[in-house]
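Beneath this line is the structure, given in structure tokens, with notes to follow.
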Amino acid sequence: MHRALRLTEVRVENYRTRSFVFEDGLACQPGQFVMAWLPGVGEKPFSIAASNPLTLMVVAVGPVSEAFHQLQVGQRVWVRGPLGQGFRLKGRRALLAGGGYGVAPLLFLAQQARQQGMDVDVCIGARTAADVLLTEAFERLGVGVHVTTEDGSLGQTGLVTAATGKLIETLRPDALYACGPVRMLEALEKQARQAGVDCQLSWEAHMRCGMGLCGSCEMPASEGRLPGWLACLDGPVWRSDES
Amino acid sequence: MHRALRLTEVRVENYRTRSFVFEDGLACQPGQFVMAWLPGVGEKPFSIAASNPLTLMVVAVGPVSEAFHQLQVGQRVWVRGPLGQGFRLKGRRALLAGGGYGVAPLLFLAQQARQQGMDVDVCIGARTAADVLLTEAFERLGVGVHVTTEDGSLGQTGLVTAATGKLIETLRPDALYACGPVRMLEALEKQARQAGVDCQLSWEAHMRCGMGLCGSCEMPASEGRLPGWLACLDGPVWRSDES
Amino acid sequence: MADLTCELLGHRLKNPVVLASGILGTSATLLRRAVDAGAGAVTAKSCGPTPRAGHPNPVTVDWGHGVLNAIGLSNPGAAEEVHLLAEARHLLDEVGAVLIASVFAGTPDEFAEVAAIVATARPHILEVNISCPNVRDEFGTPFAASGESAALVTQAVRKAVDLPIAVKLAPNVPDIGRIAAAVVEAGADAITAINTMPGMIIDAEAARPVLSNRVGGISGPALKPIALRCVAEVRRAVKVPIIGTGGVNNGRDAAEMLLAGATAVGVGTAVWYGGVSALGRIAAELEGWMDREGYATLDAMRGLALR
Amino acid sequence: MADLTCELLGHRLKNPVVLASGILGTSATLLRRAVDAGAGAVTAKSCGPTPRAGHPNPVTVDWGHGVLNAIGLSNPGAAEEVHLLAEARHLLDEVGAVLIASVFAGTPDEFAEVAAIVATARPHILEVNISCPNVRDEFGTPFAASGESAALVTQAVRKAVDLPIAVKLAPNVPDIGRIAAAVVEAGADAITAINTMPGMIIDAEAARPVLSNRVGGISGPALKPIALRCVAEVRRAVKVPIIGTGGVNNGRDAAEMLLAGATAVGVGTAVWYGGVSALGRIAAELEGWMDREGYATLDAMRGLALR
Ligand SMILES: Cc1cc2nc3c(=O)[nH]c(=O)nc-3n(C[C@H](O)[C@H](O)[C@H](O)COP(=O)(O)OP(=O)(O)OC[C@H]3O[C@@H](n4cnc5c(N)ncnc54)[C@H](O)[C@@H]3O)c2cc1C
Ligand SMILES: Cc1cc2nc3c(=O)[nH]c(=O)nc-3n(C[C@H](O)[C@H](O)[C@H](O)COP(=O)(O)OP(=O)(O)OC[C@H]3O[C@@H](n4cnc5c(N)ncnc54)[C@H](O)[C@@H]3O)c2cc1C
Ligand SMILES: Cc1cc2nc3c(=O)[nH]c(=O)nc-3n(C[C@H](O)[C@H](O)[C@H](O)COP(=O)(O)O)c2cc1C
Ligand SMILES: Cc1cc2nc3c(=O)[nH]c(=O)nc-3n(C[C@H](O)[C@H](O)[C@H](O)COP(=O)(O)O)c2cc1C
Ligand code: FES
Ligand code: FES
């Protein structure tokens, strides 16, 4: 069943991205997601950006996400979850890498890691300066922030892998945690494997049931993932140390 | 749902009465009952004679109770419950009165009362000496036992009310607790009212659902009981202090 | 504070909670008790032409997600039922509650006879139970199974009595809307939806069905989505009032039933989960829920989920 | 140690647990995963003549006593399904598991066409889904609603393929035994009982049905007593094997299904409650239960509750 949760705060994160803070907490792990239903509009998966109070960060790109952006404080969103398998922090030193809404679950992860006293760095990749998200929020947690933009309008010029490549060498993190577009994750997986660093990657797939029943979120087998891997049930986070 | 419980002991109590001891306990109060189902035979209500391990005492009088008497140690009985409202001990001094299988829930009640350090006396009424039940079990608990038989073959001659009448005067119990045939309960209720003593009476009614749905256990309204009183839901124990 | 009053076939209910047939409806005193506990209207246990003892125990089982019952339509017969209903009418008039009688029979003609006898006790409404799943061996497939047979019974009862009649439908049909349309066409003033869904609980260790009748009717939580769907389908098919019944256990469930298009809300198995006071609690919870959600009247929410 | 092997339409299953259609049956790799997790046979997702995207989200909801779904028969179309099934057959042959294909369509002729196409992939068994409750608006009342229409589809498929066929029946009919008899008469080699029961879940605060399709099919715990009753009724009506499906969530549930007369046991929603490994766990629990209760083979317990 869905729980109808009221919004207590709507924060503008950038020109097309808002964070939605709810009245209640939800016991969950970073990397898990919820199915958020806007009655009459639709239901989509969203990563959990904070657990207490529950917070989602939504990029307006289509019907459901744009309807989200119409919501005012006091209105309700219908949520079921938490669903799926999240990240599992390991060791003392974490390197995070995200693109697009992918920084949302990483913020939650960074919060947990810092609480446990870990050293955390995050690489945030974006097309241009206007797309960069959450830098201040990470900084407030005491996380080292490394921005890359494709057009060089902020931070280092290039893809996020430019930043992570160097940081893997210099920081020697115990694991790399990432969420973002498929291409980015594929590049990061390769990078981590070559450097011999564990990685945990949150994959996006087309989700319908979110319950491991319908099969629509099956991911193609890869070097790491077994055949028949379901993003909603076995993921969204895949861990190199689980295969 | 029924729980299938195995018998660990079958005790002969008299020529037509046996106690059945089960492998498991059942959290319940004296005066509550269970519906016991013998698949292929039928299901009937039985008072709980002890809760841990669960014990029922059955008088063989018809199809279900006679099938009970065929059961051997190791066989199973299907039980649902506990159901209904039991006795509630009050004060320091309890007078119990029972006839027929009615002594079964009183034994459980006496055990609880003695554990709480109360003074307990029980009056056991029967037609003849052979029908008298559980005297030793009560004595072992340190309960004062007062037997009456209609033919005078054991104890005092007469009905159980002969004994209770005197004991109400001499013991001044805080309450009278009784289970037995309707006639006996009616007489005891009158006696208690006249003596100004609280009473708690366990009534027998025709039970089908045992769940307060079917209406078959409705008792006629009386001085004490409200109209629409259901033995399975509101009883089987009726308390003079609840009306 | 939301207004819970409800108009049902010309009668005003203090709230939409209706005690469902077969639950505590076996005596005038129990019907009155249900009203005192908070029901707006009460339905008597279904009564047939002649006395029936019903099935031997076990007749009910709570299987974890609902109750399964095969009481077997125990009833005192129509002649005796008249006294029961007359006394009930008397006890309910004292407190201004609505009495619904319920009848079943083996043929349309017999339905008419039983209805005519029972009507002499002047219940406010007559419910026609064409859907009891527990006696099919004796009476063949229930009348609720097809629009034709359902309409035949309805017509017969319609001619026999001048009371408003509600026909009670079964969920185990491919298209309940079609059957509702047929009985309304045949003269039904209202629809009660639904009766229990036929089911069987087997005890694995006993290697037997638990109920002595083997098959029984599912009620309670497991029935709710079936009932909501049936009420919605009936609502789309006909305009008459619906007594939406099945799995209502709290005020929010009652709200869902109203949102699906029910006029009033039947409650049965909730009495097992919460005692007789569940009737009044459900009405009170509904009021609280309406206040929180900003509905002032039942009309404001009725059928809203079908928009 | 009890012998769990099971003969189904000429094929030997290592255990009677069959992955039900529509659960994880959308690819060869997922079908193989279900086998690796412990299923004795697996059913592919129902496939129709042409590709279908299915309904928009929400398509499923866990409502506390079961799941309601209206996926909307998403499928790649028969032509594409042939590749999926051929690959699945290949992956399952490696481990000796049985593959059941499933088809649906809008007319008996179309059923025959789809069946003939799908049969070219040589699944071991073909399931004929005449009972999906989620597409009735598009295809009219489901074929499972009457013996006549069910028989027409069965005959058409029977003529089109030389594979053993199991016809999958719906619970929302007055007399499932009669429909089973009609399809067996028409050439069905087995019956799958049952598909989901049509239901609706309304979210009170949203004042809307949760599923975008409004109506969906009930599966899981709430369906179990309906399924057991249907299996028992089908068992009494016909002699062919039954794949008993509905609400089986543990080994004891599987035992109940076998005691009701099922030959094999379909499992779907348990995968939500317990993950894919539920399939193997159910088989293992059934074995443990049989050992404790003293059944050496499935035959020893099959239909025992109907004595
Ligand atoms: C596990 C998981 C977690 C997710 N977490 C989040 C989250 O935290 N925040 C969030 O905003 N979204 C998240 N998404 C994506 C989200 O579920 C929706 O897909 C997204 O909101 C678009 O839905 P829509 O109905 O608005 O538009 P749709 O009609 O579904 O999409 C419109 C178009 O935008 C494209 N698109 C989809 N997502 C994006 C994107 N992020 N950036 C650019 N184009 C896109 C689609 O491919 C399509 O072409 C997550 C998805 C998954 C599977
Ligand atoms: C709340 C409650 C608690 C009960 N507790 C017990 C209990 O602890 N032990 C117990 O043995 N029974 C108890 N009973 C009675 C029991 O439920 C059955 O009624 C009894 O076992 C007879 O059932 P039967 O199927 O064997 O015979 P039935 O066919 O039901 O009865 C056979 C005949 O015996 C008569 N009869 C029923 N009970 C008795 C009796 N006790 N003495 C003499 N005649 C009787 C009946 O009126 C009938 O004429 C209790 C009943 C209730 C309502
Ligand atoms: C014990 C029991 C007895 C019932 N007897 C009858 C009956 O006699 N006539 C009838 O029309 N419905 C009868 N029903 C069905 C109920 O009236 C109601 O339709 C059904 O239980 C669904 O509602 P619920 O889920 O609130 O119980 C009975 C139900 C139960 C549980
Ligand atoms: C998400 C989902 C999708 C389903 N899709 C199909 C389908 O495509 N074809 C079919 O015949 N049955 C389908 N079913 C019904 C199942 O095969 C099964 O009959 C039903 O779920 C009851 O079994 P269960 O309680 O074990 O889930 C589906 C069920 C679910 C839950
Ligand atoms: S979304 Fe249905 S299985 Fe993952
Ligand atoms: S036995 Fe059914 S109400 Fe008491």
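Chain labels run A, B, ... following the order of the structure tokens; each chain numbers its residues from 1, and ligands are numbered from 1 in the order shown.
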
### Task
Please identify the residues whose atoms come within 8 Å of ligand 5, using only C-alpha atoms and all ligand atoms, and report them as a PyMOL selection string.
(chain A and resi 206-218+230-233) or (chain D and resi 24)

Convert the current residue selection to file output with N, CA, C and O atoms, as a tab-separated table (two decimals), in the first residue's frame.
```tsv
chain	number	residue	atom	x	y	z
A	206	HIS	N	13.87	0.36	-16.42
A	206	HIS	CA	12.46	0.66	-16.55
A	206	HIS	C	11.69	-0.15	-15.51
A	206	HIS	O	11.64	-1.37	-15.58
A	207	MET	N	11.12	0.53	-14.54
A	207	MET	CA	10.45	-0.19	-13.46
A	207	MET	C	8.95	-0.05	-13.54
A	207	MET	O	8.42	1.04	-13.74
A	208	ARG	N	8.28	-1.21	-13.34
A	208	ARG	CA	6.82	-1.18	-13.35
A	208	ARG	C	6.31	-1.64	-11.99
A	208	ARG	O	5.81	-0.84	-11.21
A	209	CYS	N	6.45	-2.92	-11.69
A	209	CYS	CA	5.93	-3.38	-10.39
A	209	CYS	C	6.80	-2.92	-9.24
A	209	CYS	O	6.30	-2.67	-8.15
A	210	GLY	N	8.11	-2.87	-9.44
A	210	GLY	CA	9.01	-2.56	-8.33
A	210	GLY	C	9.06	-3.66	-7.29
A	210	GLY	O	9.59	-3.47	-6.19
A	211	MET	N	8.47	-4.81	-7.60
A	211	MET	CA	8.31	-5.88	-6.60
A	211	MET	C	8.97	-7.18	-7.03
A	211	MET	O	8.73	-8.22	-6.42
A	212	GLY	N	9.74	-7.16	-8.11
A	212	GLY	CA	10.39	-8.40	-8.55
A	212	GLY	C	9.44	-9.39	-9.17
A	212	GLY	O	9.69	-10.59	-9.17
A	213	LEU	N	8.33	-8.93	-9.70
A	213	LEU	CA	7.34	-9.82	-10.30
A	213	LEU	C	7.29	-9.72	-11.82
A	213	LEU	O	7.24	-10.73	-12.52
A	214	CYS	N	7.28	-8.50	-12.34
A	214	CYS	CA	6.91	-8.32	-13.75
A	214	CYS	C	8.06	-8.53	-14.73
A	214	CYS	O	7.84	-8.72	-15.92
A	215	GLY	N	9.29	-8.47	-14.24
A	215	GLY	CA	10.43	-8.73	-15.12
A	215	GLY	C	10.89	-7.55	-15.95
A	215	GLY	O	11.89	-7.64	-16.66
A	216	SER	N	10.20	-6.42	-15.87
A	216	SER	CA	10.53	-5.33	-16.81
A	216	SER	C	11.85	-4.64	-16.50
A	216	SER	O	12.39	-3.97	-17.36
A	217	CYS	N	12.37	-4.80	-15.31
A	217	CYS	CA	13.61	-4.11	-14.94
A	217	CYS	C	14.82	-5.02	-15.07
A	217	CYS	O	15.88	-4.72	-14.51
A	218	GLU	N	14.66	-6.16	-15.78
A	218	GLU	CA	15.82	-7.04	-15.95
A	218	GLU	C	16.93	-6.31	-16.68
A	218	GLU	O	16.70	-5.64	-17.69
A	230	LEU	N	17.62	-8.33	-11.59
A	230	LEU	CA	16.49	-7.40	-11.58
A	230	LEU	C	16.86	-6.15	-10.80
A	230	LEU	O	17.21	-6.22	-9.62
A	231	ALA	N	16.73	-5.00	-11.45
A	231	ALA	CA	17.14	-3.76	-10.80
A	231	ALA	C	16.30	-3.47	-9.55
A	231	ALA	O	16.80	-2.93	-8.57
A	232	CYS	N	15.01	-3.85	-9.56
A	232	CYS	CA	14.15	-3.50	-8.42
A	232	CYS	C	14.35	-4.43	-7.23
A	232	CYS	O	14.07	-4.06	-6.10
A	233	LEU	N	14.80	-5.65	-7.51
A	233	LEU	CA	14.88	-6.67	-6.46
A	233	LEU	C	16.33	-6.88	-6.04
A	233	LEU	O	16.65	-6.85	-4.84
D	24	LEU	N	8.12	-13.13	-13.68
D	24	LEU	CA	9.50	-13.37	-14.11
D	24	LEU	C	9.59	-14.18	-15.38
D	24	LEU	O	10.65	-14.72	-15.67
```

Counting only C-alpha atoms and all ligand atoms, which residues of chain C sit at most 12 Å from some atom of ligand 2, and what is each one's closest atom pair with its distance in Å to one decimal, listed by chain and rising residue number, as JSON lines?
```
{"residue": "C:Pro56", "atom": "CA", "partner": "ligand 2", "partner_atom_place_in_ligand_line": "25 (O)", "distance": 10.1}
{"residue": "C:Asn57", "atom": "CA", "partner": "ligand 2", "partner_atom_place_in_ligand_line": "25 (O)", "distance": 9.7}
{"residue": "C:Pro58", "atom": "CA", "partner": "ligand 2", "partner_atom_place_in_ligand_line": "25 (O)", "distance": 11.8}
```

Could you save those same residues with all heavy atoms as a PDB file, in the first residue's frame?
```pdb
ATOM      1  N   PRO C  56     -23.521 -28.914  10.763  1.00  0.00           N
ATOM      2  CA  PRO C  56     -22.811 -29.178  12.021  1.00  0.00           C
ATOM      3  C   PRO C  56     -21.478 -28.423  12.089  1.00  0.00           C
ATOM      4  O   PRO C  56     -20.941 -28.018  11.059  1.00  0.00           O
ATOM      5  CB  PRO C  56     -22.578 -30.693  11.987  1.00  0.00           C
ATOM      6  CG  PRO C  56     -22.795 -31.146  10.585  1.00  0.00           C
ATOM      7  CD  PRO C  56     -23.633 -30.105   9.899  1.00  0.00           C
ATOM      8  N   ASN C  57     -20.931 -28.272  13.276  1.00  0.00           N
ATOM      9  CA  ASN C  57     -19.612 -27.646  13.483  1.00  0.00           C
ATOM     10  C   ASN C  57     -18.516 -28.492  12.839  1.00  0.00           C
ATOM     11  O   ASN C  57     -18.668 -29.708  12.788  1.00  0.00           O
ATOM     12  CB  ASN C  57     -19.318 -27.537  14.984  1.00  0.00           C
ATOM     13  CG  ASN C  57     -19.978 -26.334  15.610  1.00  0.00           C
ATOM     14  OD1 ASN C  57     -20.737 -25.630  14.971  1.00  0.00           O
ATOM     15  ND2 ASN C  57     -19.681 -26.109  16.881  1.00  0.00           N
ATOM     16  N   PRO C  58     -17.411 -27.881  12.410  1.00  0.00           N
ATOM     17  CA  PRO C  58     -17.117 -26.446  12.345  1.00  0.00           C
ATOM     18  C   PRO C  58     -17.902 -25.741  11.236  1.00  0.00           C
ATOM     19  O   PRO C  58     -17.994 -26.253  10.135  1.00  0.00           O
ATOM     20  CB  PRO C  58     -15.622 -26.384  12.031  1.00  0.00           C
ATOM     21  CG  PRO C  58     -15.081 -27.760  12.284  1.00  0.00           C
ATOM     22  CD  PRO C  58     -16.215 -28.697  12.085  1.00  0.00           C
TER      23      PRO C  58
END
```

Residues of chain C were defined as contacting chain B if any atom lay at most 9 Å from it, counting only C-alpha atoms; please report them as an MDAnalysis selection string. chainID C and resid 22:33 45 56:64 69 71 203 205:210 212 268:269 271:273 275:276

Take the residues just selected and output them with N, CA, C and O atoms as a short mmCIF file (atom, residue, chain, number, x, y, z; two decimals), in the first residue's frame.
```cif
data_model
loop_
_atom_site.label_atom_id
_atom_site.label_comp_id
_atom_site.auth_asym_id
_atom_site.auth_seq_id
_atom_site.Cartn_x
_atom_site.Cartn_y
_atom_site.Cartn_z
N GLY C 22 -26.99 -12.19 8.68
CA GLY C 22 -26.32 -13.40 9.14
C GLY C 22 -25.40 -13.17 10.30
O GLY C 22 -24.92 -14.11 10.93
N ILE C 23 -25.14 -11.89 10.60
CA ILE C 23 -24.32 -11.55 11.74
C ILE C 23 -25.24 -11.01 12.83
O ILE C 23 -25.88 -9.94 12.65
N LEU C 24 -25.39 -11.75 13.90
CA LEU C 24 -26.16 -11.30 15.07
C LEU C 24 -27.60 -10.96 14.74
O LEU C 24 -28.26 -10.28 15.53
N GLY C 25 -28.11 -11.41 13.61
CA GLY C 25 -29.47 -11.02 13.25
C GLY C 25 -30.48 -12.10 13.56
O GLY C 25 -31.52 -12.19 12.91
N THR C 26 -30.21 -12.90 14.58
CA THR C 26 -31.06 -14.05 14.88
C THR C 26 -32.12 -13.78 15.93
O THR C 26 -32.87 -14.69 16.29
N SER C 27 -32.14 -12.55 16.45
CA SER C 27 -33.16 -12.23 17.45
C SER C 27 -33.39 -10.74 17.49
O SER C 27 -32.52 -9.95 17.07
N ALA C 28 -34.54 -10.35 18.01
CA ALA C 28 -34.84 -8.92 18.15
C ALA C 28 -33.85 -8.25 19.09
O ALA C 28 -33.42 -7.12 18.86
N THR C 29 -33.48 -8.97 20.14
CA THR C 29 -32.57 -8.36 21.12
C THR C 29 -31.19 -8.13 20.53
O THR C 29 -30.54 -7.11 20.80
N LEU C 30 -30.73 -9.07 19.71
CA LEU C 30 -29.40 -8.87 19.10
C LEU C 30 -29.45 -7.76 18.05
O LEU C 30 -28.50 -6.98 17.92
N LEU C 31 -30.55 -7.65 17.32
CA LEU C 31 -30.67 -6.56 16.34
C LEU C 31 -30.65 -5.22 17.07
O LEU C 31 -29.98 -4.27 16.66
N ARG C 32 -31.35 -5.15 18.20
CA ARG C 32 -31.35 -3.93 18.98
C ARG C 32 -29.95 -3.64 19.53
O ARG C 32 -29.50 -2.49 19.56
N ARG C 33 -29.27 -4.70 19.94
CA ARG C 33 -27.92 -4.50 20.47
C ARG C 33 -27.02 -3.88 19.40
O ARG C 33 -26.19 -3.01 19.70
N LYS C 45 -30.98 -12.08 10.00
CA LYS C 45 -30.44 -13.28 9.36
C LYS C 45 -31.43 -13.74 8.30
O LYS C 45 -32.65 -13.66 8.49
N PRO C 56 -23.52 -28.91 10.76
CA PRO C 56 -22.81 -29.18 12.02
C PRO C 56 -21.48 -28.42 12.09
O PRO C 56 -20.94 -28.02 11.06
N ASN C 57 -20.93 -28.27 13.28
CA ASN C 57 -19.61 -27.65 13.48
C ASN C 57 -18.52 -28.49 12.84
O ASN C 57 -18.67 -29.71 12.79
N PRO C 58 -17.41 -27.88 12.41
CA PRO C 58 -17.12 -26.45 12.35
C PRO C 58 -17.90 -25.74 11.24
O PRO C 58 -17.99 -26.25 10.13
N VAL C 59 -18.43 -24.57 11.62
CA VAL C 59 -19.17 -23.75 10.66
C VAL C 59 -18.45 -22.44 10.32
O VAL C 59 -18.87 -21.73 9.41
N THR C 60 -17.40 -22.14 11.06
CA THR C 60 -16.64 -20.91 10.77
C THR C 60 -15.16 -21.18 11.04
O THR C 60 -14.83 -22.01 11.89
N VAL C 61 -14.31 -20.46 10.33
CA VAL C 61 -12.89 -20.49 10.67
C VAL C 61 -12.26 -19.17 10.25
O VAL C 61 -12.55 -18.64 9.18
N ASP C 62 -11.45 -18.62 11.14
CA ASP C 62 -10.64 -17.44 10.82
C ASP C 62 -9.35 -17.98 10.22
O ASP C 62 -8.58 -18.64 10.90
N TRP C 63 -9.12 -17.72 8.96
CA TRP C 63 -7.95 -18.32 8.29
C TRP C 63 -6.82 -17.31 8.11
O TRP C 63 -5.89 -17.52 7.34
N GLY C 64 -6.87 -16.22 8.84
CA GLY C 64 -5.74 -15.30 8.85
C GLY C 64 -5.94 -14.06 7.99
O GLY C 64 -5.47 -12.98 8.33
N ASN C 69 -17.18 -19.13 6.31
CA ASN C 69 -18.30 -19.67 7.06
C ASN C 69 -19.23 -20.48 6.17
O ASN C 69 -19.41 -20.19 4.99
N ILE C 71 -22.54 -21.56 7.77
CA ILE C 71 -23.52 -21.75 8.84
C ILE C 71 -24.64 -22.64 8.31
O ILE C 71 -25.19 -23.47 9.02
N ASP C 203 -7.19 -27.95 6.21
CA ASP C 203 -6.17 -28.09 7.24
C ASP C 203 -5.21 -29.18 6.77
O ASP C 203 -5.62 -30.34 6.60
N GLU C 205 -2.62 -30.77 8.11
CA GLU C 205 -2.37 -31.92 8.97
C GLU C 205 -3.60 -32.81 9.07
O GLU C 205 -3.49 -34.03 9.12
N ALA C 206 -4.77 -32.21 9.10
CA ALA C 206 -5.99 -33.01 9.13
C ALA C 206 -6.28 -33.61 7.76
O ALA C 206 -7.05 -34.57 7.65
N ALA C 207 -5.69 -33.05 6.73
CA ALA C 207 -5.92 -33.49 5.35
C ALA C 207 -7.41 -33.47 5.02
O ALA C 207 -7.94 -34.37 4.36
N ARG C 208 -8.07 -32.41 5.49
CA ARG C 208 -9.49 -32.25 5.27
C ARG C 208 -9.85 -30.77 5.16
O ARG C 208 -9.18 -29.94 5.77
N PRO C 209 -10.97 -30.47 4.49
CA PRO C 209 -11.52 -29.12 4.61
C PRO C 209 -11.92 -28.88 6.06
O PRO C 209 -12.38 -29.81 6.73
N VAL C 210 -11.74 -27.67 6.55
CA VAL C 210 -12.07 -27.41 7.96
C VAL C 210 -13.59 -27.42 8.17
O VAL C 210 -14.08 -28.02 9.12
N SER C 212 -17.46 -28.35 8.02
CA SER C 212 -18.16 -29.61 7.79
C SER C 212 -18.82 -29.61 6.42
O SER C 212 -18.98 -30.64 5.79
N GLY C 268 -20.10 -6.91 8.55
CA GLY C 268 -20.35 -8.20 9.16
C GLY C 268 -19.18 -8.68 9.99
O GLY C 268 -19.14 -8.55 11.21
N THR C 269 -18.17 -9.19 9.31
CA THR C 269 -17.05 -9.86 9.97
C THR C 269 -16.28 -8.95 10.92
O THR C 269 -15.62 -9.43 11.84
N VAL C 271 -17.35 -7.51 13.25
CA VAL C 271 -17.85 -7.82 14.60
C VAL C 271 -16.99 -8.90 15.26
O VAL C 271 -16.81 -8.90 16.48
N TRP C 272 -16.44 -9.79 14.49
CA TRP C 272 -15.49 -10.77 15.04
C TRP C 272 -14.19 -10.09 15.42
O TRP C 272 -13.68 -10.27 16.52
N TYR C 273 -13.66 -9.25 14.55
CA TYR C 273 -12.37 -8.63 14.84
C TYR C 273 -12.47 -7.63 15.99
O TYR C 273 -11.53 -7.46 16.75
N GLY C 275 -15.65 -6.98 18.04
CA GLY C 275 -16.83 -7.00 18.90
C GLY C 275 -17.96 -6.18 18.30
O GLY C 275 -17.80 -5.53 17.26
N VAL C 276 -19.10 -6.21 18.97
CA VAL C 276 -20.29 -5.53 18.44
C VAL C 276 -20.04 -4.03 18.33
O VAL C 276 -20.56 -3.36 17.44
#
```

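Around Val120 in chain B, within 8 Å and counting only C-alpha atoms, the residues found are Arg93, Ala94, Leu95, Leu96, Ala110, Ala113, Arg114, Gly142, Val143 and Gly144 of chain B, once anything fewer than 3 positions away on its own chain is removed.
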
Protein and nucleic acid residues within 8 Å of ligand 1 (only C-alpha atoms and all ligand atoms) as a ChimeraX atom specification: /A:17,32-34,42-49,56-67,100-102,104-105,202-207,231-232,236

With DSSP run on the backbone, what are the alpha helix (DSSP H) residues within range 155-303 of chain D? I'd like them as a ChimeraX atom specification. /D:155-160,176-185,224-237,251-259,270-274,278-293,298-301

Could you write out that same residue set with C-alpha atoms as a tab-separated table (two decimals), in the first residue's frame?
```tsv
chain	number	residue	atom	x	y	z
D	155	GLN	CA	-10.92	-26.66	-29.81
D	156	ALA	CA	-9.20	-24.07	-31.95
D	157	VAL	CA	-5.91	-24.42	-30.10
D	158	ARG	CA	-6.24	-28.21	-29.99
D	159	LYS	CA	-6.41	-28.33	-33.77
D	160	ALA	CA	-3.56	-25.87	-34.22
D	176	ILE	CA	-15.87	-23.72	-12.48
D	177	GLY	CA	-16.38	-27.49	-12.60
D	178	ARG	CA	-18.73	-27.12	-15.53
D	179	ILE	CA	-16.24	-24.99	-17.44
D	180	ALA	CA	-13.45	-27.47	-16.72
D	181	ALA	CA	-15.64	-30.27	-18.07
D	182	ALA	CA	-16.36	-28.27	-21.22
D	183	VAL	CA	-12.71	-27.55	-22.00
D	184	VAL	CA	-11.64	-31.13	-21.29
D	185	GLU	CA	-14.42	-32.33	-23.57
D	224	LYS	CA	-5.81	-19.17	-1.52
D	225	PRO	CA	-9.24	-20.35	-0.29
D	226	ILE	CA	-10.76	-19.44	-3.65
D	227	ALA	CA	-8.06	-21.43	-5.45
D	228	LEU	CA	-8.39	-24.45	-3.14
D	229	ARG	CA	-12.13	-24.50	-3.68
D	230	CYS	CA	-11.76	-24.18	-7.45
D	231	VAL	CA	-9.13	-26.94	-7.59
D	232	ALA	CA	-11.40	-29.21	-5.54
D	233	GLU	CA	-14.33	-28.49	-7.84
D	234	VAL	CA	-12.28	-29.05	-10.98
D	235	ARG	CA	-10.90	-32.28	-9.48
D	236	ARG	CA	-14.45	-33.56	-8.97
D	237	ALA	CA	-15.48	-32.56	-12.50
D	251	GLY	CA	5.30	-25.76	1.83
D	252	ARG	CA	2.14	-26.23	3.86
D	253	ASP	CA	0.13	-24.20	1.33
D	254	ALA	CA	1.56	-26.43	-1.40
D	255	ALA	CA	0.47	-29.48	0.60
D	256	GLU	CA	-3.07	-28.08	0.86
D	257	MET	CA	-3.15	-27.59	-2.91
D	258	LEU	CA	-2.08	-31.20	-3.49
D	259	LEU	CA	-4.59	-32.45	-0.89
D	270	ALA	CA	5.28	-15.73	-3.21
D	271	VAL	CA	8.20	-14.36	-5.24
D	272	TRP	CA	7.28	-10.89	-3.97
D	273	TYR	CA	7.02	-12.01	-0.36
D	274	GLY	CA	10.16	-14.12	-0.40
D	278	ALA	CA	10.77	-18.78	-2.51
D	279	LEU	CA	10.33	-21.32	-5.32
D	280	GLY	CA	12.97	-23.66	-3.95
D	281	ARG	CA	12.05	-22.95	-0.35
D	282	ILE	CA	8.45	-23.99	-0.96
D	283	ALA	CA	9.60	-27.28	-2.47
D	284	ALA	CA	11.98	-27.91	0.43
D	285	GLU	CA	9.31	-27.06	3.00
D	286	LEU	CA	6.88	-29.39	1.27
D	287	GLU	CA	9.42	-32.19	1.50
D	288	GLY	CA	9.97	-31.51	5.20
D	289	TRP	CA	6.24	-31.42	5.84
D	290	MET	CA	5.69	-34.71	3.99
D	291	ASP	CA	8.47	-36.34	6.00
D	292	ARG	CA	6.92	-35.17	9.25
D	293	GLU	CA	3.43	-36.24	8.25
D	298	LEU	CA	2.88	-36.83	-3.85
D	299	ASP	CA	0.47	-39.51	-5.07
D	300	ALA	CA	-0.12	-40.55	-1.47
D	301	MET	CA	-1.57	-37.19	-0.58
```
